[in-house]
Amino acid sequence: MKSFTEIKETLKEYQAGYLLNFYEELSEEERENFMEQIEKIDFAYMKELYESVKNGVTFETGEKEISPITAFDKTKLSGEEYQRLNILGESLIKDGKLAVCSMAGGQGTRLGYNGPKGTFMLDLDGKPTSIFETIIHKLKMAYEAFGVHIYWYVMTSRQNHAVTVKFFKDNNYFGYDKNYILFFEQGELPLIDKSGKVVMKDKSHIFMAPDGNGGIFKALEDKKILNHMREHGIEYLAVGNVDNILINMVDPVTVAVMKENQSEALSKVFMKPSPEGKWGVFCKIDGIPHVIEYSETPKELLEARNEAGELIYGDVHFGCNFFHINLLNRIASEKLPMHAASKKNKFLAENGAEKEEEVYKFEAFIFDAFTMANNLIVCRVKREEEFAPIKNKEGDESPETALELYKKFYHQ
Ligand code: UTP
């Protein structure tokens, strides 16, 4: 731990001395804790991030060449080919080569639920069931089918880690062997205001937020999950959004396709029927695979169709991705690009008053890792079988619509 004088020096260097404005008012314990928070901040990096938003270093499609990407269509495999791949994938799973990981560190702002999203309760045929439990169901089904326990890594954030772990403990891990469920916390970054200053939540806390689902790669390394994978001979990691209750991470065919193509990453997609859906879609930018956000996609690309009438840029990234350990090893130490979001937030002003203003939050996105993968496969699956997201309180992508999709799939 750095000395108080050293910390003060750093703060001075980055014009952040105001962070100590209320230091004298804090208790001994609060002071110690506050110093630890400050010590974790990489001020040089925050300055770099601020410069990048200030100078408008954003993605501009205008100067780049955008071209379509060819997807592997799992929905069109012949029965025979499907069987062959399924057998290969099953043998890999039985050999313990696959683990799954749920990204559950998000803040779930749109859902407006006061707790980790995975603990959100749904009414499944009259039985209250949490989102986490829907994943346990699938892992248990896999155990019945393949006779092995699949490791499940659950990514949390500092804000929801303890509650998440307690939830599993209180529910006796929903009957799954607890030795096969590992929790790990993702990183976080401070919010900064429009002049680049790190923002305080209150007198003894820096205002921090999780560093985005792309923070997973660094967290896997920092929290020794990659070590765990290496030690257990796990080669493939399926990573899914926690809020999709039809997510299919234990998918033998997918693993087999990666193995046969020596692919380091596979991303499941579904074809959107019309240009409107506000999801990110796959394309190539200057020849390199990318997911391009709806808001950044030029209208003519959104609407472009091929001779068969399908959208050319219609392969939706929906947060179900598979990574080979070689890629995970390589990108653990890489810095993914950060995306800034500007949102109104209440925080503590330098004079101790409460302030409400737009501040920047920085997040890494998991799909930016695809640019670094050898042989990325974009794999088309059936939307109705694998996609039932819970994002909003009501309307589209709400618990109600997700449940309808879930029931339709399981009761058809
Ligand atoms: P979203 O981008 O939809 O974010 O996350 P969210 O936090 O769930 O919801 P909003 O935007 O605040 O309303 C997609 C997936 O990535 C995870 C989420 O938990 C979800 O499974 N995620 C997101 C993280 O694990 N960490 C993050 O920092 C952000």
# chains A, B, ... in the order shown; residues from 1 in each chain; ligands from 1
call {"tool": "residues_around", "arguments": {"residues": "stretch 37-43 of chain A", "least_positions_apart": "4", "cutoff": "8 Å", "atoms": "only C-alpha atoms", "output": "number ranges by chain"}}
result
A: 1-2, 7, 14, 33, 47, 189-190, 205-206
call {"tool": "closest_atom_pairs", "arguments": {"of": "chain A", "to": "ligand 1", "cutoff": "6 Å", "atoms": "only C-alpha atoms and all ligand atoms", "output": "tab-separated table"}}
result
residue	atom	partner	partner_atom_place_in_ligand_line	distance
A:Met103	CA	ligand 1	25 (O)	3.9
A:Ala104	CA	ligand 1	19 (O)	3.8
A:Gly105	CA	ligand 1	25 (O)	3.4
A:Gly106	CA	ligand 1	7 (O)	3.2
A:Gln107	CA	ligand 1	7 (O)	3.9
A:Gly108	CA	ligand 1	9 (O)	3.4
A:Thr109	CA	ligand 1	12 (O)	3.6
A:Arg110	CA	ligand 1	13 (O)	3.6
A:Leu111	CA	ligand 1	13 (O)	5.8
A:Pro210	CA	ligand 1	28 (O)	4.3
A:Asp211	CA	ligand 1	28 (O)	4.9
A:Gly212	CA	ligand 1	28 (O)	3.1
A:Asn213	CA	ligand 1	26 (N)	4.1
A:Asn241	CA	ligand 1	21 (O)	3.4
A:Val242	CA	ligand 1	21 (O)	4.0
A:Asp243	CA	ligand 1	21 (O)	5.1
A:Lys391	CA	ligand 1	13 (O)	5.9
call {"tool": "select_by_dssp", "arguments": {"residues": "stretch 199-335 of chain A", "states": "helix (DSSP H, G or I)", "output": "count of residues only"}}
result
41
call {"tool": "residues_around", "arguments": {"residues": "A:Lys74", "least_positions_apart": "2", "cutoff": "9 Å", "atoms": "only C-alpha atoms", "output": "PyMOL selection string"}}
result
chain A and resi 72+76-77+82+253-254+379-382
call {"tool": "closest_residue", "arguments": {"among": "A:His324, A:Lys194, A:Lys117, A:Lys12", "to": "A:Lys361", "atoms": "only C-alpha atoms"}}
result
A:Lys194
call {"tool": "residues_around", "arguments": {"residues": "A:Phe167", "least_positions_apart": "4", "cutoff": "8 Å", "atoms": "only C-alpha atoms", "output": "list in words"}}
result
Thr119, Val163 and Asn171 of chain A
call {"tool": "write_last_selection", "arguments": {"atoms": "N, CA and C atoms", "output": "tab-separated table (two decimals), in the first residue's frame"}}
result
chain	number	residue	atom	x	y	z
A	119	THR	N	-31.09	-13.17	-10.00
A	119	THR	CA	-31.97	-13.55	-8.89
A	119	THR	C	-33.42	-13.12	-9.16
A	163	VAL	N	-24.32	-10.60	-2.63
A	163	VAL	CA	-25.74	-11.00	-2.70
A	163	VAL	C	-25.91	-12.23	-3.59
A	171	ASN	N	-29.98	-21.18	-1.35
A	171	ASN	CA	-30.81	-22.09	-2.12
A	171	ASN	C	-30.11	-23.43	-2.39
call {"tool": "residues_around", "arguments": {"residues": "stretch 255-260 of chain A", "least_positions_apart": "6", "cutoff": "10 Å", "atoms": "only C-alpha atoms", "output": "number ranges by chain"}}
result
A: 72, 74, 84-93, 97-98, 235-238, 249, 266, 322-324, 375-377, 379
call {"tool": "atom_distance", "arguments": {"atom1": "atom CA of A:Ser263", "atom2": "atom CA of A:Pro68"}}
result
19.3 Å
call {"tool": "closest_residue", "arguments": {"among": "A:Trp279, A:Tyr176, A:Phe367, A:Tyr45", "to": "A:Cys320", "atoms": "only C-alpha atoms"}}
result
A:Phe367
call {"tool": "residues_around", "arguments": {"residues": "A:Val316", "least_positions_apart": "6", "cutoff": "6 Å", "atoms": "only C-alpha atoms", "output": "list in words"}}
result
Val269, Phe270, Gly280 and Val281 of chain A
call {"tool": "closest_residue", "arguments": {"among": "A:Lys224, A:Arg31, A:His290, A:Lys343", "to": "A:Asp368", "atoms": "only C-alpha atoms"}}
result
A:His290
call {"tool": "closest_residue", "arguments": {"among": "A:Tyr180, A:Lys272, A:Glu293, A:Glu81", "to": "A:Phe365", "atoms": "only C-alpha atoms"}}
result
A:Glu293
call {"tool": "closest_residue", "arguments": {"among": "A:Glu363, A:Glu29, A:Glu36, A:Asp125", "to": "A:His339", "atoms": "only C-alpha atoms"}}
result
A:Glu363
call {"tool": "atom_distance", "arguments": {"atom1": "atom CA of A:Ala369", "atom2": "atom CA of A:Gly214"}}
result
7.8 Å
call {"tool": "closest_residue", "arguments": {"among": "A:Glu358, A:Glu394, A:Asp95, A:Asp222", "to": "A:Pro252", "atoms": "only C-alpha atoms"}}
result
A:Asp95
call {"tool": "atom_distance", "arguments": {"atom1": "atom CA of A:Phe282", "atom2": "atom CA of A:Ser333"}}
result
25.0 Å
call {"tool": "residues_around", "arguments": {"residues": "A:Gly287", "least_positions_apart": "6", "cutoff": "8 Å", "atoms": "only C-alpha atoms", "output": "PyMOL selection string"}}
result
chain A and resi 65-67
call {"tool": "write_last_selection", "arguments": {"atoms": "C-alpha atoms", "output": "mmCIF file, in the first residue's frame"}}
result
data_model
loop_
_atom_site.group_PDB
_atom_site.id
_atom_site.type_symbol
_atom_site.label_atom_id
_atom_site.label_comp_id
_atom_site.auth_asym_id
_atom_site.auth_seq_id
_atom_site.Cartn_x
_atom_site.Cartn_y
_atom_site.Cartn_z
ATOM 1 C CA GLU A 65 -14.941 -0.289 -45.919
ATOM 2 C CA ILE A 66 -17.852 -2.334 -44.662
ATOM 3 C CA SER A 67 -18.551 -5.715 -46.183
#
call {"tool": "decode", "arguments": {"residues": "stretch 257-311 of chain A", "atoms": "C-alpha atoms", "output": "PDB file, in the first residue's frame"}}
result
ATOM      1  CA  VAL A 257     -17.694 -26.908 -35.409  1.00  0.00           C
ATOM      2  CA  MET A 258     -15.040 -24.920 -33.564  1.00  0.00           C
ATOM      3  CA  LYS A 259     -12.841 -27.973 -33.131  1.00  0.00           C
ATOM      4  CA  GLU A 260     -13.044 -28.965 -36.798  1.00  0.00           C
ATOM      5  CA  ASN A 261     -12.269 -25.452 -37.990  1.00  0.00           C
ATOM      6  CA  GLN A 262      -9.586 -24.753 -35.392  1.00  0.00           C
ATOM      7  CA  SER A 263     -11.641 -21.757 -34.515  1.00  0.00           C
ATOM      8  CA  GLU A 264     -10.807 -19.550 -31.546  1.00  0.00           C
ATOM      9  CA  ALA A 265     -14.229 -17.956 -31.281  1.00  0.00           C
ATOM     10  CA  LEU A 266     -17.766 -18.672 -32.311  1.00  0.00           C
ATOM     11  CA  SER A 267     -20.637 -16.270 -31.965  1.00  0.00           C
ATOM     12  CA  LYS A 268     -24.223 -17.393 -32.154  1.00  0.00           C
ATOM     13  CA  VAL A 269     -26.501 -15.156 -34.184  1.00  0.00           C
ATOM     14  CA  PHE A 270     -30.044 -15.170 -35.484  1.00  0.00           C
ATOM     15  CA  MET A 271     -31.279 -13.504 -38.629  1.00  0.00           C
ATOM     16  CA  LYS A 272     -33.479 -10.518 -37.988  1.00  0.00           C
ATOM     17  CA  PRO A 273     -36.492 -10.412 -40.265  1.00  0.00           C
ATOM     18  CA  SER A 274     -36.598  -6.641 -40.759  1.00  0.00           C
ATOM     19  CA  PRO A 275     -34.117  -3.758 -40.510  1.00  0.00           C
ATOM     20  CA  GLU A 276     -35.730  -2.302 -37.381  1.00  0.00           C
ATOM     21  CA  GLY A 277     -34.537  -4.542 -34.507  1.00  0.00           C
ATOM     22  CA  LYS A 278     -32.120  -2.436 -32.474  1.00  0.00           C
ATOM     23  CA  TRP A 279     -29.441  -5.071 -32.049  1.00  0.00           C
ATOM     24  CA  GLY A 280     -25.794  -5.073 -33.115  1.00  0.00           C
ATOM     25  CA  VAL A 281     -25.121  -7.066 -36.287  1.00  0.00           C
ATOM     26  CA  PHE A 282     -22.058  -8.689 -37.815  1.00  0.00           C
ATOM     27  CA  CYS A 283     -20.092  -7.260 -40.685  1.00  0.00           C
ATOM     28  CA  LYS A 284     -16.478  -6.878 -41.723  1.00  0.00           C
ATOM     29  CA  ILE A 285     -14.785  -3.536 -41.329  1.00  0.00           C
ATOM     30  CA  ASP A 286     -11.727  -3.226 -43.522  1.00  0.00           C
ATOM     31  CA  GLY A 287     -11.843  -7.010 -43.802  1.00  0.00           C
ATOM     32  CA  ILE A 288     -11.960  -7.707 -40.044  1.00  0.00           C
ATOM     33  CA  PRO A 289     -15.068  -9.175 -38.372  1.00  0.00           C
ATOM     34  CA  HIS A 290     -16.920  -6.745 -36.149  1.00  0.00           C
ATOM     35  CA  VAL A 291     -20.243  -6.266 -34.481  1.00  0.00           C
ATOM     36  CA  ILE A 292     -21.640  -2.930 -35.460  1.00  0.00           C
ATOM     37  CA  GLU A 293     -24.196  -1.228 -33.238  1.00  0.00           C
ATOM     38  CA  TYR A 294     -27.614  -0.354 -34.620  1.00  0.00           C
ATOM     39  CA  SER A 295     -27.055   3.331 -33.957  1.00  0.00           C
ATOM     40  CA  GLU A 296     -23.773   3.275 -35.888  1.00  0.00           C
ATOM     41  CA  THR A 297     -25.060   1.375 -38.920  1.00  0.00           C
ATOM     42  CA  PRO A 298     -25.815   3.524 -41.966  1.00  0.00           C
ATOM     43  CA  LYS A 299     -29.446   3.233 -43.083  1.00  0.00           C
ATOM     44  CA  GLU A 300     -28.601   1.842 -46.509  1.00  0.00           C
ATOM     45  CA  LEU A 301     -26.712  -1.021 -44.876  1.00  0.00           C
ATOM     46  CA  LEU A 302     -29.498  -1.704 -42.415  1.00  0.00           C
ATOM     47  CA  GLU A 303     -31.918  -2.106 -45.303  1.00  0.00           C
ATOM     48  CA  ALA A 304     -29.698  -3.858 -47.859  1.00  0.00           C
ATOM     49  CA  ARG A 305     -31.026  -7.259 -48.952  1.00  0.00           C
ATOM     50  CA  ASN A 306     -29.560 -10.033 -51.117  1.00  0.00           C
ATOM     51  CA  GLU A 307     -31.274 -11.716 -54.072  1.00  0.00           C
ATOM     52  CA  ALA A 308     -33.062 -14.118 -51.746  1.00  0.00           C
ATOM     53  CA  GLY A 309     -34.555 -11.137 -49.939  1.00  0.00           C
ATOM     54  CA  GLU A 310     -32.549 -11.655 -46.734  1.00  0.00           C
ATOM     55  CA  LEU A 311     -30.940  -8.738 -44.941  1.00  0.00           C
TER      56      LEU A 311
END
